[in-house]
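Asks: Below is the structure I would like to discuss, written out as structure tokens.
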Amino acid sequence: MRRLLLIFLLLWSAIAGAVPLVHVGSRGHVETSAEPGLETTALELQDRAEDALREIHKDLEGLPEPRTIRLQVVRDAASIASVAPDGRGAPTYAIGVAYPDLGVITVATRKGGQLVDPTQTLRHELAHIALGAALGDHAPHWLHEGFAYQHSSDFSFDRMETLAGMAWFHSIVPLDDLDRSFPAEEAPANRAYAEAYDFVGYLSRRGRYEDTADDGDREPFRAFLAGVAQTGDLDAAATKAYGRPLHVLFEEWRETLSNRYLLAPIGLLGLAVWVLCAILLALAWRRRRRQNRVRMAQWERDERAYDEMIARLEAERAAAQRPPDEPPLLN
């Protein structure tokens, strides 16, 4: 019967242009379905989802939680749009997508021929779902993306280069324009994503006071999120949590960005000088060692030649001092 059902799903999906999904199971908040053949992967993701949600909810304590999350696991990212909720669709670049208002997540295990880590994608999308349930429509796009980044390891050298370029060329997107700057397709080098990730990271690390040694243990950040959830006023929430309105915090972050990336080349230059000096010293040592070997070899040759000359002179002197041979006697 299960085989017949699977055949029916495959035929129907071929006609409808969508991949088939079979129900895998449910645990806690998460109900899971998967493309046939991915049941084991889906169950592993389902188990990890509950642990990830508990970690994410530490930043949203006391705020509403999603009642149910529908997790869909597909093989290729190209199939994500085909299993999207009716009328919603999905970005063509996405390897995972979340619909916070519906509590639906879709995660792919590869994009074309490239395998991706579905666990990190899942954590990112779960953070979107959790923040959507907690803050409703009060969270701007930049806060959503920055919060999701906080709960998934998505390190990128391209993003670091983007931030460095923004600091050097003063091309930081103003906070009021940030939401409008997100492109239709995400890329690690995109300024809006890089800026959102870094600014929200700064808010999560900043303590109650401006002193950089004041690590607030994320409490001010959590208080800020709670304030946004209660009032929808980001400035009021920031002032209550950090003692500064949001735009002042943004300027603080801008200054830290400049300090990090404008001073970094100085440190790198100093490091380069030290490395260059070390290389030059090593080369000088090797050159001196080679010269010493050549000098020692020359000394050995000179000493050998001197010894040979002394031996020859001694032989000549000994020959000169020897009496001449007596002539033979003749009868």
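In the structure tokens, the first chain shown is A, the next is B, and so on; residue numbers restart at 1 for each chain, and ligands run from 1 in the order shown.
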Show which residues sit within 10 Å of range 25-35 of chain A, as number ranges by chain. Count only C-alpha atoms, and ignore same-chain residues fewer than 2 positions away.

Replies: A: 19-23, 37-43, 45-47, 49-50, 53, 65-76, 79, 103-108

Asks: Write a file of the just-selected residues containing C-alpha atoms, as a PDB file, in the first residue's frame.

Replies:
```pdb
ATOM      1  CA  VAL A  19       8.402  17.031  -5.754  1.00  0.00           C
ATOM      2  CA  PRO A  20       6.437  14.575  -3.595  1.00  0.00           C
ATOM      3  CA  LEU A  21       6.606  14.821   0.199  1.00  0.00           C
ATOM      4  CA  VAL A  22       5.874  11.959   2.580  1.00  0.00           C
ATOM      5  CA  HIS A  23       5.109  12.391   6.265  1.00  0.00           C
ATOM      6  CA  GLY A  37      14.719   8.810   0.134  1.00  0.00           C
ATOM      7  CA  LEU A  38      15.453  11.578   2.663  1.00  0.00           C
ATOM      8  CA  GLU A  39      13.499  10.145   5.599  1.00  0.00           C
ATOM      9  CA  THR A  40      16.598   9.435   7.708  1.00  0.00           C
ATOM     10  CA  THR A  41      18.003  12.930   7.112  1.00  0.00           C
ATOM     11  CA  ALA A  42      14.619  14.450   7.934  1.00  0.00           C
ATOM     12  CA  LEU A  43      14.393  12.570  11.239  1.00  0.00           C
ATOM     13  CA  LEU A  45      16.949  17.339  11.416  1.00  0.00           C
ATOM     14  CA  GLN A  46      13.712  16.944  13.380  1.00  0.00           C
ATOM     15  CA  ASP A  47      15.673  15.812  16.441  1.00  0.00           C
ATOM     16  CA  ALA A  49      15.316  21.226  15.608  1.00  0.00           C
ATOM     17  CA  GLU A  50      14.029  20.910  19.186  1.00  0.00           C
ATOM     18  CA  LEU A  53      14.661  25.985  19.334  1.00  0.00           C
ATOM     19  CA  GLU A  65       6.541  30.683  20.820  1.00  0.00           C
ATOM     20  CA  PRO A  66       5.481  28.968  17.599  1.00  0.00           C
ATOM     21  CA  ARG A  67       2.851  26.336  18.299  1.00  0.00           C
ATOM     22  CA  THR A  68       3.728  24.082  15.407  1.00  0.00           C
ATOM     23  CA  ILE A  69       6.477  24.179  12.822  1.00  0.00           C
ATOM     24  CA  ARG A  70       6.084  22.288   9.597  1.00  0.00           C
ATOM     25  CA  LEU A  71       9.511  21.183   8.369  1.00  0.00           C
ATOM     26  CA  GLN A  72       9.894  20.095   4.744  1.00  0.00           C
ATOM     27  CA  VAL A  73      13.123  18.493   3.520  1.00  0.00           C
ATOM     28  CA  VAL A  74      13.861  18.333  -0.206  1.00  0.00           C
ATOM     29  CA  ARG A  75      16.849  17.050  -2.106  1.00  0.00           C
ATOM     30  CA  ASP A  76      17.654  20.018  -4.357  1.00  0.00           C
ATOM     31  CA  SER A  79      12.561  22.131  -5.659  1.00  0.00           C
ATOM     32  CA  GLY A 103       5.255  28.311  10.666  1.00  0.00           C
ATOM     33  CA  VAL A 104       6.626  26.540   7.576  1.00  0.00           C
ATOM     34  CA  ILE A 105      10.299  25.782   6.819  1.00  0.00           C
ATOM     35  CA  THR A 106      11.774  24.116   3.760  1.00  0.00           C
ATOM     36  CA  VAL A 107      15.403  22.949   3.748  1.00  0.00           C
ATOM     37  CA  ALA A 108      17.420  21.511   0.845  1.00  0.00           C
TER      38      ALA A 108
END
```

Asks: Pick out the closest residue to His124 in chain A from this set: A:Asn259, A:Ser152, A:Thr239, A:Asn190. Count only C-alpha atoms.

Replies: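 Looking at the shortest contact to His124 in chain A, the residue is A:Ser152.
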
Asks: DSSP on the backbone, helix (DSSP H, G or I) only: what residues of range 32-200 of chain A does that give? Format it as a PyMOL selection string.

Replies: chain A and resi 39-60+77-79+81-83+118-138+141-150+157-168+175-181+191-200

Asks: Using only C-alpha atoms, please write the residues we just selected to a file, as a PDB file, in the first residue's frame.

Replies:
```
ATOM      1  CA  GLU A  39      13.499  10.145   5.599  1.00  0.00           C
ATOM      2  CA  THR A  40      16.598   9.435   7.708  1.00  0.00           C
ATOM      3  CA  THR A  41      18.003  12.930   7.112  1.00  0.00           C
ATOM      4  CA  ALA A  42      14.619  14.450   7.934  1.00  0.00           C
ATOM      5  CA  LEU A  43      14.393  12.570  11.239  1.00  0.00           C
ATOM      6  CA  GLU A  44      17.901  13.746  12.197  1.00  0.00           C
ATOM      7  CA  LEU A  45      16.949  17.339  11.416  1.00  0.00           C
ATOM      8  CA  GLN A  46      13.712  16.944  13.380  1.00  0.00           C
ATOM      9  CA  ASP A  47      15.673  15.812  16.441  1.00  0.00           C
ATOM     10  CA  ARG A  48      18.111  18.717  16.127  1.00  0.00           C
ATOM     11  CA  ALA A  49      15.316  21.226  15.608  1.00  0.00           C
ATOM     12  CA  GLU A  50      14.029  20.910  19.186  1.00  0.00           C
ATOM     13  CA  ASP A  51      17.505  21.500  20.654  1.00  0.00           C
ATOM     14  CA  ALA A  52      18.025  24.481  18.354  1.00  0.00           C
ATOM     15  CA  LEU A  53      14.661  25.985  19.334  1.00  0.00           C
ATOM     16  CA  ARG A  54      15.511  25.746  23.025  1.00  0.00           C
ATOM     17  CA  GLU A  55      18.756  27.626  22.389  1.00  0.00           C
ATOM     18  CA  ILE A  56      17.033  30.277  20.271  1.00  0.00           C
ATOM     19  CA  HIS A  57      14.261  30.815  22.830  1.00  0.00           C
ATOM     20  CA  LYS A  58      16.848  31.884  25.419  1.00  0.00           C
ATOM     21  CA  ASP A  59      16.921  35.217  23.555  1.00  0.00           C
ATOM     22  CA  LEU A  60      13.102  35.348  23.501  1.00  0.00           C
ATOM     23  CA  ALA A  77      17.216  23.738  -3.770  1.00  0.00           C
ATOM     24  CA  ALA A  78      15.531  24.026  -7.148  1.00  0.00           C
ATOM     25  CA  SER A  79      12.561  22.131  -5.659  1.00  0.00           C
ATOM     26  CA  ALA A  81       9.501  26.763  -4.728  1.00  0.00           C
ATOM     27  CA  SER A  82       7.456  23.743  -5.809  1.00  0.00           C
ATOM     28  CA  VAL A  83       6.591  22.818  -2.191  1.00  0.00           C
ATOM     29  CA  PRO A 118      21.059  21.346   6.135  1.00  0.00           C
ATOM     30  CA  THR A 119      21.600  21.608   9.903  1.00  0.00           C
ATOM     31  CA  GLN A 120      22.951  25.169   9.698  1.00  0.00           C
ATOM     32  CA  THR A 121      20.231  26.102   7.217  1.00  0.00           C
ATOM     33  CA  LEU A 122      17.630  24.679   9.603  1.00  0.00           C
ATOM     34  CA  ARG A 123      18.962  26.723  12.551  1.00  0.00           C
ATOM     35  CA  HIS A 124      18.854  29.895  10.453  1.00  0.00           C
ATOM     36  CA  GLU A 125      15.272  29.303   9.351  1.00  0.00           C
ATOM     37  CA  LEU A 126      14.134  28.258  12.843  1.00  0.00           C
ATOM     38  CA  ALA A 127      15.421  31.586  14.162  1.00  0.00           C
ATOM     39  CA  HIS A 128      13.232  33.372  11.604  1.00  0.00           C
ATOM     40  CA  ILE A 129      10.213  31.339  12.731  1.00  0.00           C
ATOM     41  CA  ALA A 130      10.918  31.945  16.428  1.00  0.00           C
ATOM     42  CA  LEU A 131      11.447  35.686  15.992  1.00  0.00           C
ATOM     43  CA  GLY A 132       8.313  35.940  13.872  1.00  0.00           C
ATOM     44  CA  ALA A 133       6.255  34.227  16.567  1.00  0.00           C
ATOM     45  CA  ALA A 134       7.774  36.422  19.296  1.00  0.00           C
ATOM     46  CA  LEU A 135       7.731  39.842  17.600  1.00  0.00           C
ATOM     47  CA  GLY A 136       5.050  39.418  14.965  1.00  0.00           C
ATOM     48  CA  ASP A 137       5.373  42.041  12.251  1.00  0.00           C
ATOM     49  CA  HIS A 138       7.318  44.425  14.517  1.00  0.00           C
ATOM     50  CA  HIS A 141      14.025  42.792   7.773  1.00  0.00           C
ATOM     51  CA  TRP A 142      17.506  43.691   9.027  1.00  0.00           C
ATOM     52  CA  LEU A 143      16.648  42.495  12.549  1.00  0.00           C
ATOM     53  CA  HIS A 144      15.240  39.228  11.187  1.00  0.00           C
ATOM     54  CA  GLU A 145      18.359  38.528   9.137  1.00  0.00           C
ATOM     55  CA  GLY A 146      20.767  39.566  11.869  1.00  0.00           C
ATOM     56  CA  PHE A 147      18.955  37.488  14.500  1.00  0.00           C
ATOM     57  CA  ALA A 148      18.904  34.419  12.239  1.00  0.00           C
ATOM     58  CA  TYR A 149      22.630  34.855  11.593  1.00  0.00           C
ATOM     59  CA  GLN A 150      23.236  34.943  15.356  1.00  0.00           C
ATOM     60  CA  PHE A 157      35.434  35.797   3.933  1.00  0.00           C
ATOM     61  CA  ASP A 158      33.416  37.520   1.202  1.00  0.00           C
ATOM     62  CA  ARG A 159      31.299  39.169   3.886  1.00  0.00           C
ATOM     63  CA  MET A 160      34.429  40.292   5.773  1.00  0.00           C
ATOM     64  CA  GLU A 161      35.784  41.825   2.582  1.00  0.00           C
ATOM     65  CA  THR A 162      32.444  43.575   2.059  1.00  0.00           C
ATOM     66  CA  LEU A 163      32.499  45.052   5.566  1.00  0.00           C
ATOM     67  CA  ALA A 164      36.120  46.147   5.115  1.00  0.00           C
ATOM     68  CA  GLY A 165      35.211  47.846   1.840  1.00  0.00           C
ATOM     69  CA  MET A 166      32.248  49.569   3.491  1.00  0.00           C
ATOM     70  CA  ALA A 167      34.537  50.909   6.218  1.00  0.00           C
ATOM     71  CA  TRP A 168      37.256  52.043   3.829  1.00  0.00           C
ATOM     72  CA  LEU A 175      19.763  52.509   9.007  1.00  0.00           C
ATOM     73  CA  ASP A 176      16.590  54.091   7.624  1.00  0.00           C
ATOM     74  CA  ASP A 177      17.415  52.725   4.156  1.00  0.00           C
ATOM     75  CA  LEU A 178      18.611  49.311   5.230  1.00  0.00           C
ATOM     76  CA  ASP A 179      15.352  47.414   4.820  1.00  0.00           C
ATOM     77  CA  ARG A 180      14.941  48.760   1.291  1.00  0.00           C
ATOM     78  CA  SER A 181      18.481  47.704   0.345  1.00  0.00           C
ATOM     79  CA  ARG A 191      26.147  45.087   1.760  1.00  0.00           C
ATOM     80  CA  ALA A 192      22.667  44.900   3.314  1.00  0.00           C
ATOM     81  CA  TYR A 193      23.087  41.342   4.568  1.00  0.00           C
ATOM     82  CA  ALA A 194      26.642  41.948   5.769  1.00  0.00           C
ATOM     83  CA  GLU A 195      25.572  45.119   7.580  1.00  0.00           C
ATOM     84  CA  ALA A 196      22.511  43.496   9.196  1.00  0.00           C
ATOM     85  CA  TYR A 197      24.521  40.513  10.399  1.00  0.00           C
ATOM     86  CA  ASP A 198      27.269  42.673  11.887  1.00  0.00           C
ATOM     87  CA  PHE A 199      25.034  45.347  13.453  1.00  0.00           C
ATOM     88  CA  VAL A 200      22.764  42.825  15.189  1.00  0.00           C
TER      89      VAL A 200
END
```

Asks: I'd like the interatomic distance between CA of Gly113 in chain A and CA of Gly96 in chain A, to a tenth of an Å.

Replies: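 If I compute the distance from CA of Gly113 in chain A to CA of Gly96 in chain A, I get 16.2 Å.
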
Asks: Identify all residues of range 23-145 of chain A in strand (DSSP E or B) (DSSP on the backbone) and supply them as a ChimeraX atom specification.

Replies: /A:23-27,30-34,69-76,96-99,104-111,114-115
